[in-house]
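Participant: Next comes upload_7.tsv, TSV, C-alpha atoms:
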```tsv
chain	number	residue	atom	x	y	z
O	30	MET	CA	107.81	90.98	115.87
O	31	HIS	CA	109.25	94.24	114.64
O	32	GLN	CA	111.01	94.67	117.99
O	33	ARG	CA	112.42	91.16	117.81
O	34	TYR	CA	114.04	91.52	114.39
O	35	LYS	CA	114.55	95.23	113.91
O	36	ASP	CA	118.34	95.03	114.10
O	37	ARG	CA	118.67	92.67	111.17
O	38	VAL	CA	115.51	93.22	109.13
O	39	GLN	CA	114.00	96.38	107.73
O	40	PHE	CA	110.25	96.56	108.36
O	41	LEU	CA	108.19	98.93	106.22
O	42	ALA	CA	104.47	99.54	106.59
O	43	ILE	CA	102.75	100.77	103.45
O	44	TYR	CA	99.48	102.58	103.83
O	45	VAL	CA	97.11	101.83	100.93
O	46	ARG	CA	93.47	102.41	100.09
O	47	GLU	CA	91.00	101.95	102.95
O	48	ALA	CA	89.31	98.54	102.85
O	49	HIS	CA	86.18	99.45	104.76
O	50	PRO	CA	85.47	103.14	104.36
O	51	THR	CA	82.05	104.50	105.30
O	52	ASP	CA	81.41	105.05	101.59
O	53	GLY	CA	82.23	101.43	100.66
O	54	TRP	CA	81.92	98.09	102.40
O	55	ARG	CA	81.14	99.46	105.81
O	56	VAL	CA	81.59	96.98	108.66
O	57	PRO	CA	79.98	97.24	112.11
O	58	PHE	CA	83.27	96.41	113.82
O	59	ASN	CA	84.80	99.76	112.87
O	60	ASP	CA	81.75	101.65	114.05
O	61	LYS	CA	81.94	99.82	117.35
O	62	VAL	CA	85.49	100.93	118.07
O	63	GLY	CA	84.77	104.43	116.82
O	64	ILE	CA	86.64	104.37	113.52
O	65	SER	CA	84.69	105.87	110.66
O	66	ILE	CA	86.63	107.00	107.65
O	67	GLN	CA	85.69	108.07	104.15
O	68	GLN	CA	87.95	106.97	101.33
O	69	PRO	CA	90.55	109.75	101.07
O	70	LYS	CA	90.18	111.64	97.77
O	71	THR	CA	93.40	113.63	97.80
O	72	GLU	CA	97.01	112.92	98.71
O	73	LYS	CA	96.65	115.27	101.64
O	74	GLU	CA	93.59	113.52	103.01
O	75	ARG	CA	95.29	110.20	102.65
O	76	THR	CA	98.35	111.38	104.54
O	77	LYS	CA	96.07	112.62	107.30
O	78	VAL	CA	94.34	109.26	107.69
O	79	ALA	CA	97.72	107.54	107.63
O	80	GLU	CA	98.84	109.80	110.45
O	81	GLN	CA	95.72	109.02	112.46
O	82	CYS	CA	96.31	105.33	111.80
O	83	CYS	CA	99.93	105.62	112.91
O	84	SER	CA	99.14	107.29	116.21
O	85	THR	CA	96.13	105.13	117.07
O	86	LEU	CA	97.93	101.88	116.34
O	87	GLU	CA	101.22	103.21	117.75
O	88	ILE	CA	103.15	102.03	114.72
O	89	THR	CA	106.87	102.26	115.38
O	90	MET	CA	108.24	101.26	111.97
O	91	PRO	CA	108.37	103.68	109.03
O	92	LEU	CA	104.87	104.16	107.62
O	93	LEU	CA	104.94	104.94	103.90
O	94	VAL	CA	101.95	106.44	102.14
O	95	ASP	CA	101.12	105.05	98.71
O	96	GLY	CA	99.96	107.45	95.99
O	97	LEU	CA	96.26	107.96	95.29
O	98	ASP	CA	96.65	105.78	92.20
O	99	ASP	CA	97.79	102.95	94.54
O	100	ARG	CA	100.76	102.33	92.29
O	101	VAL	CA	102.75	100.37	94.83
O	102	GLY	CA	99.62	98.66	96.13
O	103	HIS	CA	98.87	97.45	92.61
O	104	ALA	CA	102.48	96.56	91.79
O	105	TYR	CA	102.49	94.19	94.77
O	106	SER	CA	98.77	93.43	94.81
O	107	GLY	CA	98.99	94.59	98.40
O	108	MET	CA	95.39	95.60	99.03
O	109	PRO	CA	93.60	95.39	101.35
O	110	ASP	CA	96.44	93.94	103.35
O	111	ARG	CA	99.27	91.57	102.63
O	112	LEU	CA	102.74	90.58	103.83
O	113	PHE	CA	105.94	90.20	101.82
O	114	VAL	CA	109.47	89.14	102.65
O	115	ILE	CA	112.24	90.30	100.33
O	116	ASP	CA	115.78	88.97	100.64
O	117	ARG	CA	118.97	91.03	100.56
O	118	GLN	CA	119.24	90.58	96.80
O	119	GLY	CA	115.82	92.14	96.35
O	120	LYS	CA	114.01	88.90	95.47
O	121	VAL	CA	110.62	87.96	96.87
O	122	THR	CA	110.88	84.97	99.24
O	123	TYR	CA	107.44	85.12	100.84
O	124	LYS	CA	104.18	86.38	99.43
O	125	GLY	CA	101.34	86.20	101.91
O	126	GLY	CA	97.81	85.42	100.81
O	127	ARG	CA	95.51	88.33	100.10
O	128	GLY	CA	94.30	89.81	103.36
O	129	PRO	CA	92.48	89.73	105.60
O	130	PHE	CA	92.32	85.93	105.47
O	131	GLY	CA	95.85	85.50	104.21
O	132	PHE	CA	97.31	87.87	106.78
O	133	ARG	CA	99.38	85.48	108.89
O	134	PRO	CA	102.31	87.10	110.66
O	135	GLY	CA	103.38	83.79	112.23
O	136	GLU	CA	103.69	82.15	108.84
O	137	MET	CA	105.57	85.15	107.48
O	138	GLU	CA	107.97	84.98	110.44
O	139	GLN	CA	108.95	81.41	109.55
O	140	SER	CA	109.86	82.47	106.02
O	141	LEU	CA	111.69	85.47	107.40
O	142	ILE	CA	113.77	83.25	109.68
O	143	MET	CA	114.65	80.96	106.79
O	144	THR	CA	115.50	83.98	104.64
O	145	LEU	CA	117.96	85.00	107.35
O	146	LEU	CA	119.37	81.46	107.58
O	147	GLU	CA	119.93	81.24	103.84
O	148	ASP	CA	121.51	84.64	103.83
O	149	GLY	CA	123.86	83.42	106.55
O	150	ALA	CA	123.29	86.84	107.97
O	151	ALA	CA	121.65	85.88	111.21
O	152	PRO	CA	123.89	87.45	113.85
O	153	ALA	CA	124.00	85.81	117.25
O	154	ALA	CA	122.92	88.89	119.15
O	155	ALA	CA	119.16	88.99	119.18
O	156	THR	CA	116.96	91.38	121.02
O	157	GLN	CA	113.77	90.04	122.48
P	12	MET	CA	85.26	113.37	91.24
P	13	SER	CA	86.26	113.09	87.65
P	14	PRO	CA	83.36	113.19	85.17
P	15	LEU	CA	84.88	110.17	83.46
P	16	ARG	CA	84.58	108.00	86.46
P	17	LEU	CA	80.94	106.95	86.15
P	18	PRO	CA	81.01	105.88	82.49
P	19	LEU	CA	84.31	104.18	83.16
P	20	SER	CA	82.83	102.24	86.05
P	21	LEU	CA	79.85	101.21	83.94
P	22	MET	CA	82.13	100.04	81.17
P	23	LEU	CA	84.21	98.04	83.60
P	24	THR	CA	81.09	96.52	85.11
P	25	ALA	CA	79.90	95.50	81.65
P	26	LEU	CA	83.29	94.03	80.90
P	27	PHE	CA	83.23	92.16	84.17
P	28	LEU	CA	79.79	90.78	83.52
P	29	PHE	CA	80.94	89.58	80.13
P	30	VAL	CA	84.09	88.02	81.51
P	31	GLY	CA	82.06	86.54	84.34
P	32	ARG	CA	79.59	85.02	81.90
P	33	ALA	CA	82.36	83.67	79.73
P	34	SER	CA	84.39	82.32	82.59
P	35	ALA	CA	81.41	80.63	84.20
P	36	ASP	CA	82.36	77.85	81.82
P	37	CYS	CA	86.02	77.93	82.75
P	38	GLU	CA	85.70	74.96	85.01
P	39	GLN	CA	84.23	72.53	82.53
P	40	PRO	CA	84.93	73.78	79.04
P	41	ALA	CA	84.60	70.25	77.68
P	42	GLY	CA	81.38	69.43	79.50
P	43	ASN	CA	78.28	68.53	77.55
P	44	GLY	CA	75.12	70.61	77.50
P	45	LYS	CA	74.18	73.26	75.04
P	46	GLU	CA	76.77	74.79	72.81
P	47	ASN	CA	77.75	78.27	73.76
P	48	LEU	CA	80.30	80.80	72.67
P	49	VAL	CA	82.90	79.70	75.18
P	50	LYS	CA	82.65	76.05	74.29
P	51	ARG	CA	82.78	76.83	70.59
P	52	ILE	CA	85.95	78.81	71.15
P	53	HIS	CA	87.48	75.93	73.06
P	54	LYS	CA	86.50	73.50	70.30
P	55	ASP	CA	87.50	75.24	67.13
P	56	GLY	CA	88.38	78.84	67.89
P	57	PRO	CA	91.66	80.30	66.71
P	58	ARG	CA	94.71	79.64	68.85
P	59	TRP	CA	95.09	83.21	70.12
P	60	LEU	CA	91.48	83.27	71.29
P	61	LYS	CA	91.86	79.94	73.09
P	62	ASP	CA	95.00	81.18	74.78
P	63	GLY	CA	93.31	84.43	75.67
P	64	LEU	CA	90.38	82.62	77.17
P	65	SER	CA	92.46	80.30	79.29
P	66	TRP	CA	94.47	83.31	80.41
P	67	VAL	CA	91.26	84.98	81.57
P	68	CYS	CA	90.15	81.78	83.26
P	69	GLN	CA	93.35	81.58	85.26
P	70	ARG	CA	93.28	85.15	86.53
P	71	GLU	CA	92.60	85.84	90.17
P	72	PHE	CA	90.07	88.51	89.27
P	73	THR	CA	88.05	85.92	87.37
P	74	GLU	CA	88.01	83.77	90.47
P	75	VAL	CA	86.82	86.55	92.72
P	76	LEU	CA	84.26	87.72	90.19
P	77	LEU	CA	82.83	84.24	89.85
P	78	ALA	CA	82.61	83.96	93.61
P	79	VAL	CA	80.78	87.29	93.93
P	80	LEU	CA	78.42	86.55	91.07
P	81	GLY	CA	77.78	83.17	92.64
P	82	GLY	CA	76.53	84.93	95.76
P	83	SER	CA	79.58	84.45	97.97
P	84	THR	CA	80.29	87.07	100.63
P	85	LEU	CA	83.96	86.15	100.34
P	86	GLY	CA	85.20	84.10	103.25
P	87	PRO	CA	88.56	82.38	103.75
P	88	GLY	CA	89.59	80.33	100.72
P	89	GLU	CA	86.86	81.80	98.49
P	90	GLY	CA	87.42	83.81	95.34
P	91	TRP	CA	91.00	85.00	95.21
P	92	PHE	CA	91.85	84.37	98.85
P	93	HIS	CA	94.55	81.76	98.44
P	94	SER	CA	97.21	80.71	100.87
P	95	ALA	CA	100.65	82.21	100.96
P	96	GLN	CA	103.57	81.21	98.76
P	97	SER	CA	107.12	80.95	99.99
P	98	ARG	CA	110.55	79.96	98.79
P	99	TYR	CA	110.84	78.11	102.09
P	100	SER	CA	109.03	75.32	103.83
P	101	TRP	CA	109.65	72.60	106.38
P	102	LYS	CA	110.95	70.47	103.50
P	103	TRP	CA	113.51	73.13	102.65
P	104	LEU	CA	114.75	73.19	106.23
P	105	ALA	CA	114.65	69.40	106.59
P	106	ASP	CA	116.71	68.98	103.40
P	107	ARG	CA	119.21	71.49	104.68
P	108	TYR	CA	119.66	69.41	107.81
P	109	GLY	CA	119.50	66.11	105.97
P	110	VAL	CA	116.51	64.86	107.91
P	111	ASP	CA	113.46	63.05	106.61
P	112	PRO	CA	110.66	65.57	106.04
P	113	GLU	CA	108.00	62.98	106.90
P	114	GLU	CA	109.18	61.67	110.24
P	115	GLY	CA	112.33	63.61	111.01
P	116	LYS	CA	113.03	66.41	113.42
P	117	ILE	CA	115.71	68.95	114.17
P	118	THR	CA	116.65	69.00	117.83
P	119	ARG	CA	118.15	71.90	119.71
P	120	ALA	CA	121.52	70.10	119.74
P	121	GLU	CA	121.47	69.74	115.94
P	122	TRP	CA	120.51	73.36	115.34
P	123	LYS	CA	123.32	75.41	113.82
P	124	GLY	CA	121.70	78.84	113.82
P	125	PRO	CA	121.08	81.36	116.61
P	126	ALA	CA	119.31	79.78	119.58
P	127	GLU	CA	116.47	82.30	119.67
P	128	LEU	CA	115.54	81.47	116.08
P	129	PHE	CA	115.27	77.82	117.09
P	130	GLU	CA	112.83	78.80	119.81
P	131	ARG	CA	110.73	80.73	117.27
P	132	LEU	CA	110.59	77.85	114.79
P	133	ASP	CA	109.82	75.29	117.49
P	134	ARG	CA	106.54	77.10	117.97
P	135	ASP	CA	104.83	74.34	119.96
P	136	GLY	CA	107.77	74.11	122.37
P	137	SER	CA	108.27	70.39	121.81
P	138	GLY	CA	112.06	70.75	121.96
P	139	ALA	CA	112.48	69.94	118.28
P	140	ILE	CA	111.45	71.51	114.99
P	141	THR	CA	109.07	69.18	113.18
P	142	ALA	CA	106.58	69.23	110.33
P	143	ALA	CA	103.85	70.09	112.87
P	144	ASP	CA	105.50	73.47	113.48
P	145	PHE	CA	104.78	74.41	109.86
P	146	ASP	CA	101.16	73.33	109.67
P	147	TRP	CA	98.92	76.39	109.28
P	148	THR	CA	95.70	74.50	108.65
P	149	GLU	CA	92.97	74.27	111.25
P	150	ARG	CA	94.02	70.69	111.92
P	151	SER	CA	96.99	72.04	113.84
P	152	PRO	CA	96.43	72.24	117.62
P	153	PHE	CA	98.76	75.23	117.69
P	154	VAL	CA	96.64	77.11	115.13
P	155	ARG	CA	93.45	76.32	117.01
P	156	GLN	CA	94.94	77.47	120.30
P	157	SER	CA	96.18	80.66	118.66
P	158	MET	CA	92.71	81.39	117.34
P	159	GLU	CA	91.25	80.94	120.81
P	160	ALA	CA	93.89	83.23	122.27
P	161	SER	CA	93.21	85.91	119.62
P	162	ARG	CA	89.51	85.76	120.26
P	163	LEU	CA	90.08	86.34	123.95
P	164	PHE	CA	92.61	89.06	123.26
P	165	TYR	CA	90.26	91.07	121.06
P	166	LYS	CA	87.68	91.00	123.84
P	167	PHE	CA	90.25	92.56	126.16
P	168	ASP	CA	91.63	95.06	123.66
P	169	GLN	CA	88.72	97.50	123.73
P	170	ASN	CA	90.10	100.05	121.25
P	171	SER	CA	91.57	97.20	119.14
P	172	ASN	CA	94.99	98.77	118.68
P	173	GLY	CA	96.72	95.45	119.23
P	174	ARG	CA	97.74	96.23	122.81
P	175	VAL	CA	95.91	95.75	126.09
P	176	SER	CA	96.76	98.58	128.43
P	177	ARG	CA	96.53	98.47	132.20
P	178	ARG	CA	93.43	100.66	131.94
P	179	GLU	CA	91.70	98.29	129.52
P	180	TRP	CA	92.63	95.38	131.74
P	181	ASP	CA	91.15	97.12	134.82
P	182	ASN	CA	88.02	98.12	132.89
P	183	LEU	CA	87.51	94.55	131.86
P	184	PHE	CA	87.95	93.35	135.42
P	185	ASN	CA	85.36	95.83	136.67
P	186	LYS	CA	82.96	94.88	133.92
P	187	LEU	CA	83.29	91.19	134.71
P	188	ALA	CA	83.31	91.49	138.50
P	189	LYS	CA	80.22	93.77	138.65
P	190	GLY	CA	81.15	95.21	142.03
P	191	LYS	CA	82.58	92.02	143.51
P	192	ASP	CA	86.30	91.67	144.26
P	193	HIS	CA	86.62	88.73	141.87
P	194	PHE	CA	84.97	87.22	138.83
P	195	THR	CA	83.79	83.71	138.15
P	196	PRO	CA	83.78	81.46	135.07
P	197	GLU	CA	80.13	82.40	134.65
P	198	ASP	CA	80.99	86.12	134.56
P	199	LEU	CA	83.58	85.41	131.90
P	200	ARG	CA	81.12	83.41	129.82
P	201	GLU	CA	78.81	86.45	129.81
P	202	LEU	CA	81.49	88.20	127.78
P	203	PHE	CA	81.04	85.73	124.94
P	204	LYS	CA	77.28	85.80	124.92
P	205	GLN	CA	76.05	86.32	121.38
P	206	PRO	CA	72.63	86.68	119.82
P	207	PRO	CA	71.75	83.73	117.59
P	208	PRO	CA	72.95	84.06	113.98
P	209	PRO	CA	70.54	85.95	111.69
P	210	LYS	CA	67.93	84.01	109.77
P	211	LYS	CA	68.79	83.43	106.13
P	212	LYS	CA	66.01	85.72	104.93
P	213	ASP	CA	67.23	88.79	106.77
P	214	LYS	CA	69.32	90.38	104.06
P	215	SER	CA	70.56	93.41	105.98
P	216	ALA	CA	72.31	91.18	108.49
P	217	MET	CA	73.73	88.86	105.88
P	218	GLY	CA	76.84	90.81	105.08
P	219	PRO	CA	77.64	92.82	101.99
P	220	SER	CA	75.46	92.75	98.90
P	221	PRO	CA	76.96	91.72	95.55
P	222	ALA	CA	76.63	95.39	94.52
P	223	ILE	CA	78.87	96.54	97.35
P	224	LEU	CA	81.35	93.77	96.57
P	225	LEU	CA	81.42	94.69	92.87
P	226	GLN	CA	81.99	98.30	93.78
P	227	GLY	CA	84.80	97.18	96.08
P	228	LEU	CA	86.33	95.28	93.17
P	229	LEU	CA	86.18	98.30	90.90
P	230	THR	CA	87.74	100.65	93.42
P	231	GLY	CA	90.39	98.15	94.46
P	232	GLU	CA	89.15	98.19	98.06
P	233	LEU	CA	88.64	94.44	97.89
P	234	GLY	CA	92.09	93.94	96.45
P	235	SER	CA	94.05	94.68	93.32
P	236	PHE	CA	93.27	93.27	89.84
P	237	PHE	CA	96.97	92.67	89.60
P	238	GLU	CA	98.60	89.69	91.18
P	239	GLY	CA	101.91	91.08	92.34
P	240	PRO	CA	105.40	89.61	92.01
P	241	ARG	CA	105.93	85.87	92.24
P	242	ILE	CA	108.33	84.05	94.51
P	243	GLY	CA	111.89	84.50	93.29
P	244	GLU	CA	111.06	87.52	91.15
P	245	ARG	CA	112.63	90.87	91.77
P	246	ALA	CA	110.46	92.95	94.10
P	247	PRO	CA	109.08	95.99	92.23
P	248	ALA	CA	111.06	99.13	93.04
P	249	PHE	CA	109.35	102.02	94.78
P	250	LYS	CA	110.04	105.26	96.55
P	251	LEU	CA	107.39	106.69	98.86
P	252	PRO	CA	107.11	109.47	101.42
P	253	THR	CA	106.64	108.67	105.11
P	254	HIS	CA	103.35	109.69	106.72
P	255	ASP	CA	104.92	112.71	108.38
P	256	GLY	CA	106.34	113.84	105.03
P	257	LYS	CA	109.81	114.06	106.56
P	258	LYS	CA	111.58	111.71	104.20
P	259	GLU	CA	111.28	109.39	101.27
P	260	ILE	CA	112.22	105.74	101.52
P	261	SER	CA	112.99	103.49	98.58
P	262	LEU	CA	113.19	99.74	98.50
P	263	GLY	CA	116.52	99.91	96.68
P	264	GLN	CA	118.33	101.47	99.59
P	265	PHE	CA	118.24	98.17	101.52
P	266	ARG	CA	119.53	95.98	98.70
P	267	GLY	CA	122.62	94.11	99.83
P	268	GLN	CA	122.05	95.37	103.38
P	269	LYS	CA	119.07	93.69	104.99
P	270	PRO	CA	116.03	91.64	104.13
P	271	VAL	CA	112.87	93.73	104.03
P	272	VAL	CA	109.41	92.94	105.35
P	273	LEU	CA	106.56	94.83	103.70
P	274	ILE	CA	103.29	95.17	105.54
P	275	PHE	CA	100.51	96.50	103.34
P	276	GLY	CA	97.43	97.71	105.13
P	277	SER	CA	94.95	100.43	105.90
P	278	PHE	CA	93.24	101.73	109.01
P	279	THR	CA	89.92	100.00	108.50
```
What do you get writing this file as structure tokens?

Facilitator:
Amino acid sequence: MHQRYKDRVQFLAIYVREAHPTDGWRVPFNDKVGISIQQPKTEKERTKVAEQCCSTLEITMPLLVDGLDDRVGHAYSGMPDRLFVIDRQGKVTYKGGRGPFGFRPGEMEQSLIMTLLEDGAAPAAATQ
Amino acid sequence: MSPLRLPLSLMLTALFLFVGRASADCEQPAGNGKENLVKRIHKDGPRWLKDGLSWVCQREFTEVLLAVLGGSTLGPGEGWFHSAQSRYSWKWLADRYGVDPEEGKITRAEWKGPAELFERLDRDGSGAITAADFDWTERSPFVRQSMEASRLFYKFDQNSNGRVSRREWDNLFNKLAKGKDHFTPEDLRELFKQPPPPKKKDKSAMGPSPAILLQGLLTGELGSFFEGPRIGERAPAFKLPTHDGKKEISLGQFRGQKPVVLIFGSFT
């Protein structure tokens, strides 16, 4: 989706607190695919995990690292994962449900499209 | 670890248990049964206490706490897992085009925006945008098909990075074909073979314990106590470094330029 809209929409990934660290709610799925991570305790550790995350998942949009106090994560209630759409005026137009159950990219895309329509800023040239 | 952290956690747990106890009556404050503190407050408590109590009752953390204390392991729709909110909907679009939101549709010919956006909104490919394209419940055939497709995809995507590489595809073929030059429906069904679900008594296989969930609540791993901005509110400003430490990006720098999509998440 990022590829489809990157010319007219800014995508930002924000790395927050781990949802299923080995020292918390450990889930077998992570063990199965060989991901086992302790909750980072310092900014440096967190940046390192974010880097690992970025290369494993081949994330191509900017990946921002939230502070250890999760200030942005709390300000948006973004943990463990969540989607937002913000219009050009800086107002929230879509607030996804709390993840993982509320994490619905397809639903977010519809709101994003309508955000673009209302903005009148949907240029004809689209890249697939 | 800070020496304050343990007492702080205990205090928060105690607070939670109190709130949980109090809010257990949130749902039927007027119900009969024995008088308790909460009901007394609702009946003749001072205004500020009543307001405070209904505030607590309406918080998302009360909902999730009640769910956990009630023995839920937090599935879709439970606790604080609500659906999304949006400024937009099918009704918004239908009104914009002057069509009836119940029965109406927007055909390709009527569409005034970029063609490729039409294709995206007409997600079921019916040739027109209709109410069905905005249904995200499990009643929707599109949603059910998507779930099937995802299930299949995650079987193929062995390292679950969201992409199936040629190598993963070949591996899967070899695994299914077991030395033959093809695979059959039966081979494919093998892939979905699952042991029967655990018996109710087997606690270790039953998912997380309430203790783990409470800990997750306290650390914020299960989600934030806070509820975040509402639709139409100004998005909270921030400035954060990128993972490579090369630059800082702030939300404000896109104001007036482009809409922004924020994707919160972690590795696990």

Participant: Chain P residues within 7 Å of chain O, counting all atoms listed in the file: which ones, as a compact mmCIF listing (two decimals) with C-alpha atoms, keeping the file's coordinate frame?

Facilitator:
```txt
# COMPACT_ATOMS: atom_id res chain seq x y z
CA PRO P 87 88.56 82.38 103.75
CA PHE P 92 91.85 84.37 98.85
CA HIS P 93 94.55 81.76 98.44
CA SER P 94 97.21 80.71 100.87
CA ALA P 95 100.65 82.21 100.96
CA GLN P 96 103.57 81.21 98.76
CA SER P 97 107.12 80.95 99.99
CA ARG P 98 110.55 79.96 98.79
CA TYR P 99 110.84 78.11 102.09
CA PRO P 125 121.08 81.36 116.61
CA LEU P 128 115.54 81.47 116.08
CA LEU P 132 110.59 77.85 114.79
CA ASN P 170 90.10 100.05 121.25
CA ASN P 172 94.99 98.77 118.68
CA PRO P 219 77.64 92.82 101.99
CA ILE P 223 78.87 96.54 97.35
CA GLY P 227 84.80 97.18 96.08
CA GLU P 232 89.15 98.19 98.06
CA LEU P 233 88.64 94.44 97.89
CA GLY P 234 92.09 93.94 96.45
CA SER P 235 94.05 94.68 93.32
CA PHE P 237 96.97 92.67 89.60
CA GLU P 238 98.60 89.69 91.18
CA GLY P 239 101.91 91.08 92.34
CA PRO P 240 105.40 89.61 92.01
CA ARG P 241 105.93 85.87 92.24
CA ILE P 242 108.33 84.05 94.51
CA GLY P 243 111.89 84.50 93.29
CA GLU P 244 111.06 87.52 91.15
CA ARG P 245 112.63 90.87 91.77
CA ALA P 246 110.46 92.95 94.10
CA PRO P 247 109.08 95.99 92.23
CA PHE P 249 109.35 102.02 94.78
CA LEU P 251 107.39 106.69 98.86
CA PRO P 252 107.11 109.47 101.42
CA THR P 253 106.64 108.67 105.11
CA HIS P 254 103.35 109.69 106.72
CA ARG P 266 119.53 95.98 98.70
CA GLY P 267 122.62 94.11 99.83
CA GLN P 268 122.05 95.37 103.38
CA LYS P 269 119.07 93.69 104.99
CA PRO P 270 116.03 91.64 104.13
CA VAL P 271 112.87 93.73 104.03
CA VAL P 272 109.41 92.94 105.35
CA LEU P 273 106.56 94.83 103.70
CA ILE P 274 103.29 95.17 105.54
CA PHE P 275 100.51 96.50 103.34
CA GLY P 276 97.43 97.71 105.13
CA SER P 277 94.95 100.43 105.90
CA PHE P 278 93.24 101.73 109.01
CA THR P 279 89.92 100.00 108.50
```

Participant: Hey, which of P:Phe194, P:Ser151, P:Phe129, P:Gln169 ends up closest to P:Asn182? Count all atoms listed in the file.

Facilitator: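 Residue with the minimum atom-to-atom distance to P:Asn182: P:Gln169.
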
Participant: Excluding P:Lys189 and its own-chain neighbours fewer than 6 positions away, which residues fall within 12 Å of it when counting all atoms listed in the file? Please give them as a list in words.

Facilitator: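 Residues near the query, excluding close chain neighbours: Asn182, Leu183, Thr195, Asp198, Leu199 and Glu201 of chain P.
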
Participant: Which polymer residues have any atom within 10 Å of an atom of P:Phe203, counting all atoms listed in the file, with same-chain residues fewer than 5 positions away left out, as a PyMOL selection string?

Facilitator: chain P and resi 162-163+166+198

Participant: Skipping near chain neighbours, those fewer than 4 positions away, what residues fall within 6 Å of stretch 69-86 of chain P using all atoms listed in the file, listed as a PyMOL selection string?

Facilitator: chain P and resi 90-91+236

Participant: Give me a file of those residues, with C-alpha atoms, as a CSV table (one decimal), in the frame of the given file.

Facilitator:
```csv
chain,number,residue,atom,x,y,z
P,90,GLY,CA,87.4,83.8,95.3
P,91,TRP,CA,91.0,85.0,95.2
P,236,PHE,CA,93.3,93.3,89.8
```

Participant: In Å, how far is it from atom CA of P:Trp101 to atom CA of P:Asp133?

Facilitator: 11.4 Å

Participant: What is the distance between atom CA of P:Gln226 and atom CA of P:Ser65, in Å to one decimal?

Facilitator: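 Calculated distance between atom CA of P:Gln226 and atom CA of P:Ser65 is 25.4 Å.
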
Participant: How many Å lie between atom CA of O:Thr89 and atom CA of O:Lys35, rounded to one decimal?

Facilitator: 10.5 Å

Participant: Got a sec: who's within 7 Å of P:Asp144, counting all atoms listed in the file, leaving out chain neighbours fewer than 2 positions off, as a count of residues only?

Facilitator: 8
